[in-house]
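Below: start.cif (mmCIF, C-alpha atoms)
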```
data_data
#
loop_
_atom_site.label_atom_id
_atom_site.label_comp_id
_atom_site.auth_asym_id
_atom_site.auth_seq_id
_atom_site.Cartn_x
_atom_site.Cartn_y
_atom_site.Cartn_z
CA MET A 227 5.38 50.12 -49.27
CA GLN A 228 2.09 49.35 -47.53
CA ILE A 229 2.40 46.95 -44.59
CA GLY A 230 -0.86 45.17 -43.72
CA PRO A 231 -2.51 44.74 -40.30
CA ARG A 232 -1.05 41.29 -39.61
CA ASP A 233 2.52 42.28 -40.38
CA THR A 234 2.08 45.54 -38.48
CA ILE A 235 1.23 43.55 -35.35
CA VAL A 236 4.18 41.21 -35.94
CA ILE A 237 6.58 44.16 -36.24
CA ALA A 238 5.06 45.83 -33.16
CA CYS A 239 5.76 42.66 -31.16
CA LEU A 240 9.36 42.70 -32.41
CA VAL A 241 9.59 46.33 -31.27
CA LEU A 242 8.56 45.30 -27.76
CA PHE A 243 10.96 42.34 -27.74
CA LEU A 244 13.79 44.64 -28.80
CA GLY A 245 12.87 47.27 -26.21
CA LYS A 246 12.72 44.66 -23.47
CA TYR A 247 16.08 43.22 -24.53
CA LEU A 248 17.82 46.61 -24.72
CA ASN A 249 16.40 47.74 -21.38
CA LYS A 250 17.68 44.52 -19.82
CA LYS A 251 21.16 44.81 -21.34
CA ILE A 252 21.74 48.57 -21.16
CA SER A 253 21.80 49.85 -17.60
CA PHE A 254 21.04 53.47 -18.61
CA PHE A 255 17.61 52.59 -20.01
CA ARG A 256 16.85 50.44 -17.00
CA ALA A 257 18.15 52.87 -14.42
CA TYR A 258 16.18 55.81 -15.77
CA ASN A 259 12.95 53.90 -16.38
CA ILE A 260 12.77 54.44 -20.14
CA PRO A 261 9.60 52.67 -21.35
CA GLU A 262 10.36 49.56 -23.42
CA PRO A 263 8.09 50.61 -26.33
CA VAL A 264 9.98 53.92 -26.53
CA THR A 265 13.37 52.20 -26.63
CA GLY A 266 12.37 49.70 -29.32
CA GLY A 267 10.09 52.07 -31.21
CA VAL A 268 12.74 54.74 -31.69
CA ILE A 269 15.27 52.14 -32.93
CA PHE A 270 12.77 50.78 -35.48
CA SER A 271 11.76 54.25 -36.67
CA ILE A 272 15.46 55.08 -37.21
CA PHE A 273 15.84 51.80 -39.12
CA PHE A 274 12.92 52.61 -41.43
CA GLY A 275 14.28 56.14 -41.83
CA ILE A 276 17.64 54.74 -43.00
CA LEU A 277 15.86 52.44 -45.45
CA TYR A 278 14.00 55.45 -46.84
CA ALA A 279 17.24 57.42 -47.19
CA VAL A 280 19.01 54.55 -48.97
CA THR A 281 16.23 53.13 -51.15
CA GLY A 282 13.67 55.94 -51.31
CA THR A 283 10.99 53.48 -50.14
CA GLU A 284 8.43 54.91 -47.74
CA PHE A 285 6.93 52.38 -45.34
CA SER A 286 3.29 52.86 -44.39
CA PHE A 287 1.70 50.78 -41.64
CA ALA A 288 -1.92 49.71 -41.15
CA LEU A 289 -2.75 51.35 -37.83
CA GLU A 290 -6.46 50.57 -37.52
CA LEU A 291 -5.86 48.21 -34.59
CA ARG A 292 -3.77 50.83 -32.78
CA ASP A 293 -6.79 52.94 -31.80
CA ALA A 294 -8.64 49.85 -30.57
CA LEU A 295 -5.66 48.98 -28.35
CA LEU A 296 -5.77 52.46 -26.82
CA ILE A 297 -9.45 52.01 -25.98
CA ILE A 298 -8.75 48.61 -24.41
CA PHE A 299 -6.00 50.14 -22.33
CA PHE A 300 -8.20 52.89 -20.91
CA ILE A 301 -10.95 50.36 -20.19
CA THR A 302 -8.51 48.39 -18.05
CA ILE A 303 -7.53 51.59 -16.20
CA GLY A 304 -11.19 52.37 -15.57
CA LEU A 305 -11.90 48.83 -14.37
CA SER A 306 -9.03 49.18 -11.88
CA SER A 307 -10.39 52.42 -10.41
CA ARG A 308 -12.36 52.24 -7.20
CA LEU A 309 -14.56 55.19 -6.28
CA LYS A 310 -12.71 55.76 -3.01
CA THR A 311 -9.49 56.25 -4.98
CA LEU A 312 -11.23 58.71 -7.28
CA LEU A 313 -12.52 60.71 -4.33
CA LYS A 314 -9.04 60.84 -2.86
CA GLY A 315 -7.79 62.17 -6.18
CA GLY A 316 -10.34 64.99 -6.38
CA LYS A 317 -8.07 67.68 -4.93
CA SER A 318 -5.08 66.43 -6.92
CA LEU A 319 -7.14 66.50 -10.10
CA LEU A 320 -8.09 70.13 -9.54
CA LEU A 321 -4.53 71.16 -8.65
CA LEU A 322 -2.96 69.45 -11.66
CA LEU A 323 -5.62 70.92 -13.94
CA VAL A 324 -4.82 74.45 -12.74
CA LEU A 325 -1.10 73.83 -13.21
CA ALA A 326 -1.64 72.33 -16.67
CA VAL A 327 -3.78 75.25 -17.87
CA GLY A 328 -1.23 77.71 -16.53
CA TYR A 329 1.57 75.84 -18.25
CA LEU A 330 -0.18 76.15 -21.61
CA PHE A 331 0.52 79.89 -21.40
CA ILE A 332 4.14 79.27 -20.34
CA GLN A 333 4.64 76.79 -23.17
CA ASN A 334 3.30 79.21 -25.77
CA LEU A 335 5.26 82.18 -24.42
CA THR A 336 8.41 80.06 -24.54
CA GLY A 337 7.79 79.31 -28.20
CA VAL A 338 6.96 82.94 -28.98
CA GLY A 339 10.13 84.10 -27.21
CA ILE A 340 12.35 81.82 -29.32
CA ALA A 341 10.49 82.82 -32.46
CA TYR A 342 11.12 86.49 -31.66
CA LEU A 343 14.83 85.89 -31.06
CA THR A 344 15.19 84.06 -34.37
CA ASP A 345 13.12 86.50 -36.46
CA LEU A 346 10.32 84.02 -37.10
CA PRO A 347 6.69 85.24 -37.07
CA SER A 348 5.43 85.32 -33.49
CA VAL A 349 2.57 82.94 -34.26
CA THR A 350 5.20 80.33 -35.17
CA GLY A 351 5.94 80.18 -31.47
CA VAL A 352 2.34 79.18 -30.78
CA LEU A 353 2.68 76.45 -33.40
CA GLY A 354 5.87 75.37 -31.60
CA GLY A 355 4.08 75.71 -28.27
CA SER A 356 0.91 74.08 -27.01
CA VAL A 357 -0.37 73.37 -30.53
CA SER A 358 2.27 70.74 -31.27
CA PHE A 359 3.56 69.75 -27.82
CA SER A 360 0.60 69.63 -25.42
CA GLY A 361 -1.76 69.18 -28.36
CA GLY A 362 0.21 66.54 -30.25
CA HIS A 363 -0.29 65.45 -33.83
CA GLY A 364 -4.08 65.62 -33.79
CA THR A 365 -4.25 69.21 -32.56
CA THR A 366 -1.45 70.20 -34.95
CA ILE A 367 -3.28 68.81 -37.97
CA ALA A 368 -6.50 70.50 -36.87
CA TRP A 369 -4.87 73.95 -36.56
CA VAL A 370 -2.57 73.85 -39.60
CA PRO A 371 -5.19 75.37 -41.99
CA THR A 372 -5.49 78.37 -39.64
CA PHE A 373 -1.74 79.01 -39.71
CA GLN A 374 -1.65 78.57 -43.47
CA ASN A 375 -4.74 80.57 -44.42
CA GLU A 376 -4.80 83.30 -41.77
CA PHE A 377 -1.08 83.84 -41.20
CA GLY A 378 0.53 82.68 -44.44
CA ILE A 379 2.81 80.04 -42.92
CA SER A 380 2.97 77.68 -45.88
CA ASN A 381 5.12 75.03 -44.18
CA ALA A 382 3.01 74.97 -41.00
CA MET A 383 2.25 71.26 -41.42
CA GLU A 384 5.91 70.23 -41.63
CA MET A 385 6.92 72.51 -38.74
CA GLY A 386 4.10 71.40 -36.46
CA ILE A 387 4.44 67.69 -37.18
CA ALA A 388 8.21 67.93 -36.64
CA CYS A 389 7.76 69.48 -33.19
CA ALA A 390 4.99 67.05 -32.24
CA THR A 391 7.10 64.09 -33.32
CA ILE A 392 10.20 65.17 -31.41
CA GLY A 393 8.03 66.01 -28.40
CA LEU A 394 6.49 62.54 -28.45
CA VAL A 395 9.94 60.94 -28.34
CA LEU A 396 11.42 63.31 -25.75
CA GLY A 397 8.32 63.04 -23.59
CA GLY A 398 8.93 59.31 -23.33
CA PHE A 399 12.56 59.78 -22.37
CA ILE A 400 12.47 62.46 -19.67
CA GLY A 401 9.65 61.22 -17.42
CA GLY A 402 11.58 58.31 -15.94
CA PRO A 403 14.75 60.26 -15.11
CA ILE A 404 12.71 63.06 -13.51
CA ALA A 405 10.81 60.59 -11.33
CA LYS A 406 13.99 58.77 -10.31
CA PHE A 407 15.63 62.07 -9.37
CA LEU A 408 12.66 63.11 -7.21
CA ILE A 409 12.23 59.70 -5.58
CA LYS A 410 15.91 59.31 -4.73
CA ARG A 411 16.44 62.90 -3.63
CA HIS A 412 13.45 62.92 -1.30
CA GLN A 413 13.68 59.19 -0.38
CA LEU A 414 10.08 58.56 -1.37
CA LYS A 415 8.15 55.33 -1.10
CA PRO A 416 4.49 54.41 -1.58
CA THR A 417 2.57 55.15 1.63
CA GLU A 418 1.27 51.59 1.47
CA GLU A 419 1.83 48.55 -0.73
CA LYS A 420 -0.37 49.78 -3.53
CA PRO A 421 -0.98 47.51 -6.52
CA VAL A 422 0.74 48.27 -9.79
CA VAL A 423 -2.02 49.35 -12.17
CA VAL A 424 -0.24 48.35 -15.36
CA GLY A 425 2.05 45.36 -15.87
CA VAL A 426 4.21 43.62 -13.30
CA ARG A 427 7.00 45.13 -11.25
CA HIS A 428 10.62 44.77 -12.28
CA GLY A 429 12.49 42.34 -10.10
CA LYS A 430 9.39 40.25 -9.48
CA GLY A 431 9.90 37.98 -12.46
CA ASP A 432 7.88 37.77 -15.64
CA SER A 433 5.64 34.90 -14.59
CA VAL A 434 2.32 35.76 -12.96
CA GLU A 435 -0.45 33.49 -11.75
CA MET A 436 -3.32 33.42 -14.24
CA ASN A 437 -5.84 30.75 -15.08
CA TYR A 438 -8.62 30.07 -17.55
CA ASN A 439 -11.33 31.66 -15.40
CA ASN A 440 -9.68 34.99 -14.65
CA ILE A 441 -8.50 35.41 -18.25
CA LEU A 442 -12.02 34.67 -19.51
CA GLN A 443 -13.43 37.11 -16.94
CA MET A 444 -10.96 39.76 -18.12
CA ILE A 445 -11.95 39.32 -21.78
CA TYR A 446 -15.66 39.44 -20.94
CA PHE A 447 -15.46 42.64 -18.91
CA ILE A 448 -13.17 44.45 -21.35
CA PHE A 449 -15.44 43.88 -24.33
CA SER A 450 -18.73 44.37 -22.50
CA THR A 451 -17.36 47.61 -21.02
CA ALA A 452 -16.33 48.67 -24.54
CA GLY A 453 -19.99 48.39 -25.55
CA LEU A 454 -21.02 50.64 -22.67
CA GLY A 455 -18.31 53.12 -23.65
CA ILE A 456 -19.60 53.24 -27.22
CA ALA A 457 -23.14 53.85 -25.95
CA ILE A 458 -21.97 56.68 -23.67
CA ASN A 459 -20.03 58.22 -26.55
CA GLU A 460 -23.03 58.11 -28.87
CA LEU A 461 -25.27 59.63 -26.20
CA LEU A 462 -22.85 62.49 -25.52
CA THR A 463 -22.42 63.10 -29.26
CA TRP A 464 -26.20 63.28 -29.63
CA MET A 465 -26.21 65.85 -26.80
CA GLY A 466 -23.59 67.90 -28.64
CA LEU A 467 -20.65 67.00 -26.38
CA ALA A 468 -18.15 65.05 -28.49
CA LEU A 469 -15.36 63.37 -26.52
CA PRO A 470 -12.52 61.09 -27.63
CA SER A 471 -13.57 57.44 -27.55
CA PHE A 472 -10.92 56.49 -25.01
CA VAL A 473 -12.29 59.05 -22.52
CA THR A 474 -15.75 57.48 -22.54
CA ALA A 475 -14.09 54.04 -22.37
CA LEU A 476 -12.34 55.18 -19.17
CA PHE A 477 -15.65 56.43 -17.74
CA ALA A 478 -17.38 53.17 -18.67
CA GLY A 479 -14.74 51.16 -16.85
CA ILE A 480 -15.12 53.31 -13.73
CA ILE A 481 -18.91 52.85 -13.82
CA VAL A 482 -18.75 49.07 -14.23
CA THR A 483 -16.13 48.39 -11.57
CA ASN A 484 -17.97 50.45 -8.95
CA LEU A 485 -21.49 49.19 -9.69
CA ILE A 486 -20.69 45.46 -9.66
CA PRO A 487 -20.02 45.29 -5.88
CA ILE A 488 -23.33 47.10 -5.27
CA PHE A 489 -25.59 44.95 -7.45
CA PHE A 490 -23.64 41.65 -7.25
CA LYS A 491 -22.42 41.54 -3.67
CA LYS A 492 -21.51 37.85 -3.79
CA PHE A 493 -19.44 38.25 -6.94
CA ASP A 494 -15.72 38.14 -6.18
CA TRP A 495 -14.69 41.30 -8.01
CA GLN A 496 -11.18 42.60 -7.29
CA PRO A 497 -9.93 44.02 -10.60
CA GLU A 498 -7.20 46.06 -8.95
CA LYS A 499 -5.58 42.76 -7.95
CA SER A 500 -6.21 40.97 -11.25
CA LYS A 501 -2.97 39.86 -12.90
CA ALA A 502 -4.87 39.11 -16.11
CA LEU A 503 -6.26 42.66 -16.27
CA SER A 504 -2.86 44.10 -15.42
CA MET A 505 -1.22 42.12 -18.21
CA ALA A 506 -3.91 43.22 -20.67
CA SER A 507 -3.15 46.83 -19.73
CA ASP A 508 0.56 46.33 -20.24
CA LEU A 509 0.20 44.62 -23.61
CA SER A 510 -2.37 47.03 -25.07
CA LEU A 511 -0.38 50.10 -24.06
CA GLY A 512 2.91 48.57 -25.18
CA LEU A 513 1.59 47.62 -28.61
CA PHE A 514 -0.11 51.00 -29.04
CA LEU A 515 3.11 52.89 -28.34
CA ALA A 516 5.18 50.47 -30.41
CA MET A 517 2.93 51.07 -33.43
CA SER A 518 2.94 54.84 -32.88
CA LEU A 519 6.72 55.16 -32.60
CA MET A 520 7.81 52.64 -35.23
CA SER A 521 5.56 54.39 -37.78
CA LEU A 522 7.14 57.82 -37.24
CA GLN A 523 8.41 59.16 -40.56
CA LEU A 524 11.68 60.63 -39.32
CA TRP A 525 12.67 61.83 -42.77
CA THR A 526 10.04 64.54 -42.47
CA LEU A 527 12.29 66.09 -39.80
CA SER A 528 15.22 66.62 -42.18
CA ASP A 529 14.04 70.13 -43.03
CA LEU A 530 13.71 71.16 -39.39
CA ALA A 531 15.22 74.62 -39.24
CA GLY A 532 17.65 75.79 -36.57
CA PRO A 533 15.10 78.11 -34.91
CA LEU A 534 12.65 75.24 -34.50
CA LEU A 535 15.39 73.12 -32.98
CA LEU A 536 15.95 75.91 -30.46
CA ILE A 537 12.23 75.88 -29.68
CA VAL A 538 12.39 72.15 -28.98
CA VAL A 539 15.39 72.52 -26.67
CA ALA A 540 13.78 75.44 -24.86
CA GLN A 541 10.53 73.53 -24.35
CA LEU A 542 12.45 70.55 -22.97
CA VAL A 543 14.32 72.69 -20.45
CA VAL A 544 11.26 74.67 -19.37
CA ILE A 545 9.03 71.64 -18.79
CA SER A 546 11.78 69.87 -16.82
CA VAL A 547 12.21 72.85 -14.50
CA PHE A 548 8.46 73.39 -14.19
CA VAL A 549 7.80 69.75 -13.26
CA ILE A 550 10.60 69.50 -10.69
CA VAL A 551 10.15 72.92 -9.08
CA VAL A 552 6.39 73.48 -9.37
CA VAL A 553 4.36 70.36 -10.18
CA PHE A 554 6.08 68.04 -7.70
CA ARG A 555 5.79 70.55 -4.85
CA VAL A 556 2.21 71.60 -5.50
CA MET A 557 1.05 67.98 -5.85
CA GLY A 558 2.29 67.16 -2.35
CA LYS A 559 6.01 66.24 -2.58
CA ASP A 560 5.16 62.57 -1.95
CA TYR A 561 5.53 59.39 -4.00
CA ASP A 562 2.25 59.93 -5.89
CA ALA A 563 3.45 63.44 -6.77
CA ALA A 564 6.68 62.02 -8.21
CA VAL A 565 4.76 59.54 -10.38
CA MET A 566 2.37 62.26 -11.54
CA SER A 567 5.36 64.48 -12.33
CA ALA A 568 6.74 61.81 -14.64
CA GLY A 569 3.35 61.48 -16.29
CA TYR A 570 2.82 65.21 -16.69
CA ALA A 571 6.25 65.64 -18.29
CA GLY A 572 5.22 63.11 -20.95
CA LEU A 573 1.82 64.76 -21.29
CA ALA A 574 3.16 68.29 -21.79
CA LEU A 575 5.66 67.21 -24.45
CA GLY A 576 3.92 64.25 -26.06
CA ALA A 577 0.50 62.78 -25.44
CA THR A 578 -1.61 60.98 -22.83
CA PRO A 579 -0.30 57.49 -23.77
CA THR A 580 3.27 58.80 -23.35
CA ALA A 581 2.34 60.01 -19.87
CA ILE A 582 0.89 56.59 -19.02
CA ALA A 583 4.00 54.83 -20.33
CA ASN A 584 6.21 57.02 -18.14
CA MET A 585 4.16 56.29 -15.03
CA THR A 586 4.04 52.59 -15.89
CA ALA A 587 7.82 52.38 -16.12
CA VAL A 588 8.20 54.15 -12.78
CA THR A 589 5.59 52.15 -10.88
CA LYS A 590 6.94 48.84 -12.19
CA LYS A 591 10.19 49.61 -10.42
CA PHE A 592 9.16 51.56 -7.33
CA GLY A 593 5.55 50.56 -6.58
CA GLY A 594 1.97 51.35 -7.52
CA SER A 595 0.21 54.72 -7.60
CA PRO A 596 -3.47 54.22 -8.55
CA LYS A 597 -4.28 57.90 -8.01
CA ALA A 598 -1.73 58.99 -10.60
CA PHE A 599 -3.29 56.72 -13.24
CA ILE A 600 -6.63 58.46 -12.77
CA VAL A 601 -5.59 62.09 -12.31
CA VAL A 602 -3.11 62.43 -15.18
CA PRO A 603 -5.26 60.77 -17.92
CA LEU A 604 -8.33 62.78 -16.94
CA VAL A 605 -6.39 66.04 -17.07
CA GLY A 606 -4.69 65.10 -20.33
CA ALA A 607 -7.58 63.53 -22.19
CA PHE A 608 -10.58 65.45 -20.97
CA PHE A 609 -9.76 68.97 -19.79
CA ILE A 610 -6.61 70.06 -21.59
CA ASP A 611 -7.91 69.79 -25.16
CA ILE A 612 -10.75 72.19 -24.39
CA SER A 613 -8.51 74.65 -22.51
CA ASN A 614 -5.82 74.42 -25.17
CA ALA A 615 -8.20 75.31 -27.99
CA LEU A 616 -9.40 78.44 -26.17
CA ILE A 617 -5.87 79.54 -25.26
CA ILE A 618 -4.53 78.97 -28.79
CA ARG A 619 -7.27 81.10 -30.30
CA PHE A 620 -6.70 83.84 -27.72
CA LEU A 621 -2.92 83.94 -28.28
CA LEU A 622 -3.28 83.93 -32.06
CA GLY A 623 -5.40 87.05 -31.66
CA VAL A 624 -2.70 88.62 -29.48
CA PHE A 625 0.35 87.74 -31.59
CA GLY A 626 -1.23 87.42 -35.03
#
```
What does the file become when written as structure tokens?
Amino acid sequence: MQIGPRDTIVIACLVLFLGKYLNKKISFFRAYNIPEPVTGGVIFSIFFGILYAVTGTEFSFALELRDALLIIFFITIGLSSRLKTLLKGGKSLLLLLVLAVGYLFIQNLTGVGIAYLTDLPSVTGVLGGSVSFSGGHGTTIAWVPTFQNEFGISNAMEMGIACATIGLVLGGFIGGPIAKFLIKRHQLKPTEEKPVVVGVRHGKGDSVEMNYNNILQMIYFIFSTAGLGIAINELLTWMGLALPSFVTALFAGIIVTNLIPIFFKKFDWQPEKSKALSMASDLSLGLFLAMSLMSLQLWTLSDLAGPLLLIVVAQLVVISVFVIVVVFRVMGKDYDAAVMSAGYAGLALGATPTAIANMTAVTKKFGGSPKAFIVVPLVGAFFIDISNALIIRFLLGVFG
């Protein structure tokens, strides 16, 4: 059954309402900072999975608006990013990048180890490593022909998509608990009263002060920045450097928010304090994740073999230990490091939006961390895809 764009949005809103309701009523979700779109999205995907099992009807959603929402979200992050914050994050960006590249090897060796123990081809471990987890669905789909044609793994698509799907869900569930553990254990607090980049903090109430002017200003800057992002993307493509659209949208937002105070000194521009921009961030990310999770076709996981399940469990354990023992310590053992740890856990198992959702849930409760919202997306969206492709090809040559 094909569900059109309008009804897809309606259902996505219901997903968010359900997630908000469940997080309010169930203390576990609230205590461990499980993102509301994850809570509601998983319930809806299970519901559609049951309908498929009972009736045989496969539900397909119109997801064209989903990608636009992701671009809007990263524009709002860029518009909230002052240059001085970016400069402060330079060292952290380099450190997290080194850790992330190193972990790609660990993630693949973990998968290969489980594959060896269960008598699967060694390259299956790479498929159940950084291809499907750090790479996500897009990278999995891109590499499936290689596994099928070069290594004869006929069910590579089903195996890879299964791991990527489970990773997306688990990535949204473990970030909050990890951050809470680190924050409570080390008694961490923001070094100053930093603004929450996305949404409003829990306990502050749902009502925020917005008026006609600041909402209109928010709409104008989001859509005009989108135009700049498209132009940057086309220029880079012409130069032979193709980047995801949301990366150039992030760059465009950073450019706009830092040039306005220089060229329009009398213009009252404080996007990092804009409740309208913050709410736009929250809504665009929430709807994006709601659409992504509610459209998961869980019935494709029914053929997940025992060895692949072991790979998933092993990857979950290894990333949890790596984040708590290595990432948190190397990134400074402070509050920003705890927030980035939550984000990186979601990034290594799921995708960049999962990482953002984890950090959003944490900062809503404990306080803002602008640096984390710059460092983690740049590592996840810009650097990792390139590094991952090179490492995958290298390891396929080693284990193939």
How close does each residue of range 255-332 of chain A get to range 240-244 of chain A, giving the shortest atom pair and distance in Å to one decimal for every residue with an atom at most 10 Å away, counting only C-alpha atoms, sorted by chain and residue number, as a Markdown table?
```
| residue | atom | partner | partner_atom | distance |
| --- | --- | --- | --- | --- |
| A:Pro261 | CA | A:Leu242 | CA | 9.8 |
| A:Glu262 | CA | A:Leu242 | CA | 6.3 |
| A:Pro263 | CA | A:Leu242 | CA | 5.5 |
| A:Val264 | CA | A:Leu242 | CA | 8.8 |
| A:Thr265 | CA | A:Leu244 | CA | 7.9 |
| A:Gly266 | CA | A:Val241 | CA | 4.8 |
| A:Gly267 | CA | A:Val241 | CA | 5.8 |
| A:Val268 | CA | A:Val241 | CA | 9.0 |
| A:Ile269 | CA | A:Val241 | CA | 8.3 |
| A:Phe270 | CA | A:Val241 | CA | 6.9 |
| A:Ser271 | CA | A:Val241 | CA | 9.8 |
```
Can you write out the residues you just picked, keeping C-alpha atoms, as a compact mmCIF listing (two decimals), keeping the file's coordinate frame?
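Output file part-v5.txt is given in full below:
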```txt
# COMPACT_ATOMS: atom_id res chain seq x y z
CA PRO A 261 9.60 52.67 -21.35
CA GLU A 262 10.36 49.56 -23.42
CA PRO A 263 8.09 50.61 -26.33
CA VAL A 264 9.98 53.92 -26.53
CA THR A 265 13.37 52.20 -26.63
CA GLY A 266 12.37 49.70 -29.32
CA GLY A 267 10.09 52.07 -31.21
CA VAL A 268 12.74 54.74 -31.69
CA ILE A 269 15.27 52.14 -32.93
CA PHE A 270 12.77 50.78 -35.48
CA SER A 271 11.76 54.25 -36.67
```
Nearby residues (all atoms listed in the file) at most 7 Å from Gly572 in chain A, same-chain spacing under 5 positions excluded, as a list in words: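 The contact residues come out as Gly397, Gly398, Gly401, Ala577, Thr580, Ala581 and Asn584 of chain A.
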Expected file: the selected residues, C-alpha atoms, as a PDB file, in the coordinates of the input:
```pdb
ATOM      1  CA  GLY A 397       8.320  63.040 -23.590  1.00  0.00           C
ATOM      2  CA  GLY A 398       8.930  59.310 -23.330  1.00  0.00           C
ATOM      3  CA  GLY A 401       9.650  61.220 -17.420  1.00  0.00           C
ATOM      4  CA  ALA A 577       0.500  62.780 -25.440  1.00  0.00           C
ATOM      5  CA  THR A 580       3.270  58.800 -23.350  1.00  0.00           C
ATOM      6  CA  ALA A 581       2.340  60.010 -19.870  1.00  0.00           C
ATOM      7  CA  ASN A 584       6.210  57.020 -18.140  1.00  0.00           C
TER       8      ASN A 584
END
```
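Each of A:Ala288, A:Met585, A:Ile301, A:Val539 was compared to Ile392 in chain A using only C-alpha atoms, and A:Val539 turns out to be the nearest.
Proximity of A:Ile272, A:Ile488, A:Ile456, A:Leu573 to Ala475 in chain A, computed with all atoms listed in the file, is greatest for A:Ile456.
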Computed interatomic separation between CA of Ile458 in chain A and CA of Gly594 in chain A (Å): 29.4 Å
Exactly which residues make up the result of the PyMOL selection byres ((chain A and resi 409) around 12) on this file, given as an mmCIF file with C-alpha atoms, in the coordinates of the input?
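What ended up in out-v7.cif:
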```cif
data_model
loop_
_atom_site.group_PDB
_atom_site.id
_atom_site.type_symbol
_atom_site.label_atom_id
_atom_site.label_comp_id
_atom_site.auth_asym_id
_atom_site.auth_seq_id
_atom_site.Cartn_x
_atom_site.Cartn_y
_atom_site.Cartn_z
ATOM 1 C CA TYR A 258 16.180 55.810 -15.770
ATOM 2 C CA GLY A 402 11.580 58.310 -15.940
ATOM 3 C CA PRO A 403 14.750 60.260 -15.110
ATOM 4 C CA ILE A 404 12.710 63.060 -13.510
ATOM 5 C CA ALA A 405 10.810 60.590 -11.330
ATOM 6 C CA LYS A 406 13.990 58.770 -10.310
ATOM 7 C CA PHE A 407 15.630 62.070 -9.370
ATOM 8 C CA LEU A 408 12.660 63.110 -7.210
ATOM 9 C CA LYS A 410 15.910 59.310 -4.730
ATOM 10 C CA ARG A 411 16.440 62.900 -3.630
ATOM 11 C CA HIS A 412 13.450 62.920 -1.300
ATOM 12 C CA GLN A 413 13.680 59.190 -0.380
ATOM 13 C CA LEU A 414 10.080 58.560 -1.370
ATOM 14 C CA LYS A 415 8.150 55.330 -1.100
ATOM 15 C CA PRO A 416 4.490 54.410 -1.580
ATOM 16 C CA ILE A 550 10.600 69.500 -10.690
ATOM 17 C CA PHE A 554 6.080 68.040 -7.700
ATOM 18 C CA LYS A 559 6.010 66.240 -2.580
ATOM 19 C CA ASP A 560 5.160 62.570 -1.950
ATOM 20 C CA TYR A 561 5.530 59.390 -4.000
ATOM 21 C CA ASP A 562 2.250 59.930 -5.890
ATOM 22 C CA ALA A 563 3.450 63.440 -6.770
ATOM 23 C CA ALA A 564 6.680 62.020 -8.210
ATOM 24 C CA VAL A 565 4.760 59.540 -10.380
ATOM 25 C CA MET A 566 2.370 62.260 -11.540
ATOM 26 C CA SER A 567 5.360 64.480 -12.330
ATOM 27 C CA ALA A 568 6.740 61.810 -14.640
ATOM 28 C CA VAL A 588 8.200 54.150 -12.780
ATOM 29 C CA THR A 589 5.590 52.150 -10.880
ATOM 30 C CA LYS A 591 10.190 49.610 -10.420
ATOM 31 C CA PHE A 592 9.160 51.560 -7.330
ATOM 32 C CA GLY A 593 5.550 50.560 -6.580
#
```
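CA of Leu461 in chain A lies 19.2 Å from CA of Phe609 in chain A.
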Extract, using only C-alpha atoms, all DNA, RNA and protein residues at most 12 Å from Val544 in chain A, discarding same-chain residues fewer than 2 positions from it, and format them as an MDAnalysis selection string. chainID A and resid 329:330 332:337 355 537:542 546:552 571 574:575
Do a neighbour search on Ser286 in chain A at 12 Å with only C-alpha atoms, toss out local chain neighbours closer than 3 positions, and write the hits as a PyMOL selection string. chain A and resi 227-231+233-234+271+274-275+278+283+289+517-518+520-523
Report, in Å with one decimal, the straight-line distance from CA of Gly569 in chain A to CA of Ile582 in chain A.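 We find that CA of Gly569 in chain A and CA of Ile582 in chain A lie 6.1 Å from each other.
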Mind checking which residues fall within 12 Å of Ser510 in chain A, counting only C-alpha atoms, ignoring those fewer than 5 positions away in the same chain, and posting them as a short mmCIF file (atom, residue, chain, number, x, y, z; two decimals) with C-alpha atoms, keeping the file's coordinate frame?
```
data_model
loop_
_atom_site.label_atom_id
_atom_site.label_comp_id
_atom_site.auth_asym_id
_atom_site.auth_seq_id
_atom_site.Cartn_x
_atom_site.Cartn_y
_atom_site.Cartn_z
CA ILE A 235 1.23 43.55 -35.35
CA ALA A 238 5.06 45.83 -33.16
CA CYS A 239 5.76 42.66 -31.16
CA LEU A 242 8.56 45.30 -27.76
CA PRO A 263 8.09 50.61 -26.33
CA LEU A 291 -5.86 48.21 -34.59
CA ARG A 292 -3.77 50.83 -32.78
CA ASP A 293 -6.79 52.94 -31.80
CA ALA A 294 -8.64 49.85 -30.57
CA LEU A 295 -5.66 48.98 -28.35
CA LEU A 296 -5.77 52.46 -26.82
CA ILE A 297 -9.45 52.01 -25.98
CA ILE A 298 -8.75 48.61 -24.41
CA PHE A 299 -6.00 50.14 -22.33
CA PHE A 300 -8.20 52.89 -20.91
CA ILE A 301 -10.95 50.36 -20.19
CA THR A 302 -8.51 48.39 -18.05
CA ILE A 303 -7.53 51.59 -16.20
CA VAL A 424 -0.24 48.35 -15.36
CA GLY A 425 2.05 45.36 -15.87
CA ILE A 448 -13.17 44.45 -21.35
CA LEU A 503 -6.26 42.66 -16.27
CA SER A 504 -2.86 44.10 -15.42
CA MET A 505 -1.22 42.12 -18.21
CA LEU A 515 3.11 52.89 -28.34
CA ALA A 516 5.18 50.47 -30.41
CA MET A 517 2.93 51.07 -33.43
CA PRO A 579 -0.30 57.49 -23.77
CA ILE A 582 0.89 56.59 -19.02
CA ALA A 583 4.00 54.83 -20.33
#
```
Measuring between all atoms listed in the file, which one of A:Trp525, A:Leu536, A:Arg308, A:Val556 shows the shortest distance to Gly339 in chain A? A:Leu536
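When all atoms listed in the file are used to measure the gap to Ile260 in chain A, the shortest distance among A:Tyr342, A:Phe489, A:Phe399, A:Phe287 belongs to A:Phe399.
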